[in-house]
Amino acid sequence: MHIVTLNNGVEMPILGFGVFQIPAEETERAVTEALAAGYRMLDTASSYQNEEAVGRAIRSSGFPRADLFVTTKLYVQDAPAEENTKRAFETSLEKLGLDHVDLYLMHQPYGDVYGQWRAMEDLHRAGLSRAIGVSNFYPDRLLDLVINNEITPAVNQIETHPFFQRADYQELMREHGVQIESWGGFAEGRNDLFGNPVLNGIGEQHGKSVAQVVLRWLTQRGVVAIPKSVRADRMAENLDVFDFELTGEQMASIAALDTGSSLFFDHHDPKMVSWLSARRLDG
């Protein structure tokens with residue numbers, strides 16, 4: 001496994017296992033199989049409603065806690081944001097059955113972002129989260145947070161895939177010490193990603209699948225990736241990406257696939273802002 005070092009010295013695997021959209025009743029099995037396949041980084045969130053299942057799989061795995069890197073995420077909190085952020089974190093920690101997490105991310109750039117971030121800074125200082133970061137922050141929101149707060153986010157988890165590559169934004173984050181992490185690395189198959197002739201052609205040259213080509217492309221760029229699968233064979237396949245390297249020509253041909261736009265939703269769209277900001281989680 002290749003490792004990235006975050007801006008506070010914490011080491012993070014460059015490839016992990018995500019559980020977004022895995023139903024809670026399937027999550028424990030999926031995470032158990034992922035750990036057996038060799039994954040040591042797990043990514044969940046309070047909004048995924050499967051933290052408890054992730055925690056059960058961790059406990060039953062028998063792996064030392066120090067061998068695992070666990071991420072969860074804070075959803076938008078009502079006022080008072082600082083108090084409710086700490087309450088939400090305690091709830092996540094209890095569901096996971098852990099005494100700390102390795103990375104705590106602010107899931108959406110809405111609500112009292114500053115109040116939420118101050119609480120996250122406190123959690124980090126207390127050793128309850130080894131690193132803190134954000135998710136879905138566009139450049140303006142990220143720089144505003146960096147400039148006006150004491151702790152710079154260690155990670156920004158954003159939509160990143162061959163059709164929305166975020167290369168310029170990745171460079172901006174690098175300048176400020178923020179590690180880019182991809183969600184939706186396979187674009188959920190949109191734009192016929194798995195049938196794309198460029199990706200298939202590169203895969204044939206290396207004897208690899210399109211999924212492996214995409215993950216190698218991401219990790220070769222220094223992008224942390226968290227592919228999801230509920231099939232043990234695919235989990236193993238997605239880990240098997242460090243025995244080949246894409247050439248400069250192949251990287252350039254993938255770069256040409258970039259549309260520069262989201263395939264999912266725009267965080268600047270007023271309707272999406274209203275929906276995400278109004279959404280609340282039970283408990």
# chains A, B, ... in the order shown; residues from 1 in each chain; ligands from 1
$ select_by_dssp --residues "segment 5-124 of chain A" --states "helix (DSSP H, G or I)" --output "ChimeraX atom specification"
/A:24-37,46-48,51-61,65-67,81-96,113-124
$ write_last_selection --atoms "C-alpha atoms" --output "PDB file, in the first residue's frame"
ATOM      1  CA  ALA A  24     -26.607  -0.987   6.741  1.00  0.00           C
ATOM      2  CA  GLU A  25     -27.643  -4.642   6.633  1.00  0.00           C
ATOM      3  CA  GLU A  26     -24.934  -5.377   4.040  1.00  0.00           C
ATOM      4  CA  THR A  27     -22.208  -3.132   5.397  1.00  0.00           C
ATOM      5  CA  GLU A  28     -20.794  -5.408   8.099  1.00  0.00           C
ATOM      6  CA  ARG A  29     -20.233  -8.238   5.606  1.00  0.00           C
ATOM      7  CA  ALA A  30     -18.779  -5.881   2.999  1.00  0.00           C
ATOM      8  CA  VAL A  31     -16.330  -4.282   5.438  1.00  0.00           C
ATOM      9  CA  THR A  32     -15.343  -7.687   6.823  1.00  0.00           C
ATOM     10  CA  GLU A  33     -14.544  -8.876   3.300  1.00  0.00           C
ATOM     11  CA  ALA A  34     -12.707  -5.655   2.506  1.00  0.00           C
ATOM     12  CA  LEU A  35     -10.493  -6.032   5.564  1.00  0.00           C
ATOM     13  CA  ALA A  36      -9.833  -9.657   4.619  1.00  0.00           C
ATOM     14  CA  ALA A  37      -8.869  -8.500   1.112  1.00  0.00           C
ATOM     15  CA  SER A  46     -23.070   9.841   9.790  1.00  0.00           C
ATOM     16  CA  SER A  47     -25.307  10.464   6.780  1.00  0.00           C
ATOM     17  CA  TYR A  48     -24.607   6.986   5.381  1.00  0.00           C
ATOM     18  CA  GLU A  51     -21.441   3.550  11.145  1.00  0.00           C
ATOM     19  CA  GLU A  52     -22.614   0.872  13.586  1.00  0.00           C
ATOM     20  CA  ALA A  53     -22.121  -1.865  10.996  1.00  0.00           C
ATOM     21  CA  VAL A  54     -18.640  -0.557  10.203  1.00  0.00           C
ATOM     22  CA  GLY A  55     -17.827  -0.645  13.901  1.00  0.00           C
ATOM     23  CA  ARG A  56     -19.030  -4.226  14.270  1.00  0.00           C
ATOM     24  CA  ALA A  57     -16.849  -5.324  11.376  1.00  0.00           C
ATOM     25  CA  ILE A  58     -13.824  -3.580  12.888  1.00  0.00           C
ATOM     26  CA  ARG A  59     -14.332  -5.267  16.250  1.00  0.00           C
ATOM     27  CA  SER A  60     -14.855  -8.714  14.778  1.00  0.00           C
ATOM     28  CA  SER A  61     -11.845  -8.412  12.469  1.00  0.00           C
ATOM     29  CA  ARG A  65      -6.793  -0.428  16.063  1.00  0.00           C
ATOM     30  CA  ALA A  66      -3.417   1.096  15.180  1.00  0.00           C
ATOM     31  CA  ASP A  67      -3.415  -0.843  11.900  1.00  0.00           C
ATOM     32  CA  ALA A  81     -23.036  24.584  15.922  1.00  0.00           C
ATOM     33  CA  GLU A  82     -20.038  24.049  18.203  1.00  0.00           C
ATOM     34  CA  GLU A  83     -22.054  22.221  20.840  1.00  0.00           C
ATOM     35  CA  ASN A  84     -23.979  20.149  18.300  1.00  0.00           C
ATOM     36  CA  THR A  85     -20.846  19.247  16.350  1.00  0.00           C
ATOM     37  CA  LYS A  86     -19.296  17.740  19.458  1.00  0.00           C
ATOM     38  CA  ARG A  87     -22.544  15.908  20.214  1.00  0.00           C
ATOM     39  CA  ALA A  88     -22.658  14.560  16.653  1.00  0.00           C
ATOM     40  CA  PHE A  89     -19.044  13.424  16.909  1.00  0.00           C
ATOM     41  CA  GLU A  90     -19.725  11.622  20.183  1.00  0.00           C
ATOM     42  CA  THR A  91     -22.676   9.868  18.519  1.00  0.00           C
ATOM     43  CA  SER A  92     -20.501   8.743  15.610  1.00  0.00           C
ATOM     44  CA  LEU A  93     -17.758   7.560  17.944  1.00  0.00           C
ATOM     45  CA  GLU A  94     -20.295   5.588  19.995  1.00  0.00           C
ATOM     46  CA  LYS A  95     -21.791   3.985  16.888  1.00  0.00           C
ATOM     47  CA  LEU A  96     -18.348   3.034  15.633  1.00  0.00           C
ATOM     48  CA  VAL A 113     -19.111  26.266   8.941  1.00  0.00           C
ATOM     49  CA  TYR A 114     -16.909  28.270  11.283  1.00  0.00           C
ATOM     50  CA  GLY A 115     -18.665  27.041  14.418  1.00  0.00           C
ATOM     51  CA  GLN A 116     -18.463  23.480  13.189  1.00  0.00           C
ATOM     52  CA  TRP A 117     -14.789  23.880  12.331  1.00  0.00           C
ATOM     53  CA  ARG A 118     -13.916  25.382  15.725  1.00  0.00           C
ATOM     54  CA  ALA A 119     -15.474  22.347  17.375  1.00  0.00           C
ATOM     55  CA  MET A 120     -13.546  20.041  15.056  1.00  0.00           C
ATOM     56  CA  GLU A 121     -10.336  21.869  15.948  1.00  0.00           C
ATOM     57  CA  ASP A 122     -11.109  21.193  19.622  1.00  0.00           C
ATOM     58  CA  LEU A 123     -11.728  17.508  18.895  1.00  0.00           C
ATOM     59  CA  HIS A 124      -8.404  17.324  17.097  1.00  0.00           C
TER      60      HIS A 124
END
$ select_by_dssp --residues "segment 9-213 of chain A" --states "strand (DSSP E or B)" --output "count of residues only"
40
$ closest_residue --among "A:Phe265, A:Trp275, A:Trp183, A:Phe244" --to "Val19 of chain A" --atoms "only C-alpha atoms"
A:Trp183
$ residues_around --residues "Phe164 of chain A" --least-positions-apart "4" --cutoff "8 Å" --atoms "only C-alpha atoms" --output "list in words"
Glu159, Thr160, Asp258, Thr259, Gly260, Ser261, Ser262 and Leu263 of chain A
$ closest_residue --among "A:Val213, A:Ala154, A:Val101, A:Ala252" --to "Leu6 of chain A" --atoms "only C-alpha atoms"
A:Ala154
$ atom_distance --atom1 "atom CA of Asp269 of chain A" --atom2 "atom CA of Asp78 of chain A"
21.3 Å
$ residues_around --residues "Val76 of chain A" --least-positions-apart "6" --cutoff "9 Å" --atoms "only C-alpha atoms" --output "list in words"
Thr85, Met106, His107, Gln108, Pro109, Tyr110, Gly111, Asp112, Val113, Gln116, Leu276, Ser277, Ala278, Arg279 and Arg280 of chain A
$ write_last_selection --atoms "N, CA and C atoms" --output "PDB file, in the first residue's frame"
ATOM      1  N   THR A  85     -21.905  19.978  17.046  1.00  0.00           N
ATOM      2  CA  THR A  85     -20.846  19.247  16.350  1.00  0.00           C
ATOM      3  C   THR A  85     -20.199  18.236  17.289  1.00  0.00           C
ATOM      4  N   MET A 106     -15.846  17.524   7.592  1.00  0.00           N
ATOM      5  CA  MET A 106     -17.088  18.253   7.484  1.00  0.00           C
ATOM      6  C   MET A 106     -17.688  17.901   6.125  1.00  0.00           C
ATOM      7  N   HIS A 107     -18.856  17.266   6.121  1.00  0.00           N
ATOM      8  CA  HIS A 107     -19.381  16.624   4.918  1.00  0.00           C
ATOM      9  C   HIS A 107     -19.840  17.616   3.856  1.00  0.00           C
ATOM     10  N   GLN A 108     -20.413  18.735   4.277  1.00  0.00           N
ATOM     11  CA  GLN A 108     -20.945  19.717   3.336  1.00  0.00           C
ATOM     12  C   GLN A 108     -20.550  21.129   3.779  1.00  0.00           C
ATOM     13  N   PRO A 109     -20.330  22.049   2.822  1.00  0.00           N
ATOM     14  CA  PRO A 109     -19.870  23.388   3.171  1.00  0.00           C
ATOM     15  C   PRO A 109     -21.002  24.345   3.529  1.00  0.00           C
ATOM     16  N   TYR A 110     -21.924  23.884   4.382  1.00  0.00           N
ATOM     17  CA  TYR A 110     -23.107  24.675   4.696  1.00  0.00           C
ATOM     18  C   TYR A 110     -23.314  24.768   6.201  1.00  0.00           C
ATOM     19  N   GLY A 111     -24.278  25.595   6.580  1.00  0.00           N
ATOM     20  CA  GLY A 111     -24.534  25.833   7.994  1.00  0.00           C
ATOM     21  C   GLY A 111     -23.476  26.765   8.562  1.00  0.00           C
ATOM     22  N   ASP A 112     -23.314  26.717   9.868  1.00  0.00           N
ATOM     23  CA  ASP A 112     -22.300  27.529  10.540  1.00  0.00           C
ATOM     24  C   ASP A 112     -20.960  26.813  10.408  1.00  0.00           C
ATOM     25  N   VAL A 113     -20.357  26.972   9.234  1.00  0.00           N
ATOM     26  CA  VAL A 113     -19.111  26.266   8.941  1.00  0.00           C
ATOM     27  C   VAL A 113     -18.030  26.604   9.955  1.00  0.00           C
ATOM     28  N   GLN A 116     -18.742  24.908  13.322  1.00  0.00           N
ATOM     29  CA  GLN A 116     -18.463  23.480  13.189  1.00  0.00           C
ATOM     30  C   GLN A 116     -16.957  23.233  13.172  1.00  0.00           C
ATOM     31  N   LEU A 276     -29.585  20.335   0.627  1.00  0.00           N
ATOM     32  CA  LEU A 276     -28.561  19.805   1.512  1.00  0.00           C
ATOM     33  C   LEU A 276     -28.581  20.505   2.860  1.00  0.00           C
ATOM     34  N   SER A 277     -28.834  21.806   2.856  1.00  0.00           N
ATOM     35  CA  SER A 277     -28.843  22.565   4.109  1.00  0.00           C
ATOM     36  C   SER A 277     -30.024  22.217   4.988  1.00  0.00           C
ATOM     37  N   ALA A 278     -31.141  21.858   4.372  1.00  0.00           N
ATOM     38  CA  ALA A 278     -32.366  21.545   5.134  1.00  0.00           C
ATOM     39  C   ALA A 278     -32.388  20.110   5.625  1.00  0.00           C
ATOM     40  N   ARG A 279     -31.603  19.243   5.023  1.00  0.00           N
ATOM     41  CA  ARG A 279     -31.631  17.820   5.381  1.00  0.00           C
ATOM     42  C   ARG A 279     -31.084  17.632   6.795  1.00  0.00           C
ATOM     43  N   ARG A 280     -31.762  16.808   7.564  1.00  0.00           N
ATOM     44  CA  ARG A 280     -31.297  16.491   8.909  1.00  0.00           C
ATOM     45  C   ARG A 280     -31.330  14.983   9.103  1.00  0.00           C
TER      46      ARG A 280
END
$ residues_around --residues "segment 193-209 of chain A" --least-positions-apart "6" --cutoff "12 Å" --atoms "only C-alpha atoms" --output "PyMOL selection string"
chain A and resi 161-164+184-187+215-217+234+237-258+263
$ atom_distance --atom1 "atom CA of Asp99 of chain A" --atom2 "atom CA of Leu128 of chain A"
7.0 Å
$ residues_around --residues "Ala131 of chain A" --least-positions-apart "3" --cutoff "8 Å" --atoms "only C-alpha atoms" --output "PyMOL selection string"
chain A and resi 8+10+102-104+124+154
$ closest_atom_pairs --of "segment 91-170 of chain A" --to "segment 219-224 of chain A" --cutoff "10 Å" --atoms "only C-alpha atoms" --output "Markdown table"
| residue | atom | partner | partner_atom | distance |
| --- | --- | --- | --- | --- |
| A:Val155 | CA | A:Val224 | CA | 9.5 |
| A:Gln157 | CA | A:Val224 | CA | 8.7 |
| A:Thr160 | CA | A:Val223 | CA | 8.7 |
| A:Ala167 | CA | A:Arg221 | CA | 9.0 |
| A:Gln170 | CA | A:Val223 | CA | 8.5 |
$ atom_distance --atom1 "atom CA of His176 of chain A" --atom2 "atom CA of Leu145 of chain A"
11.3 Å
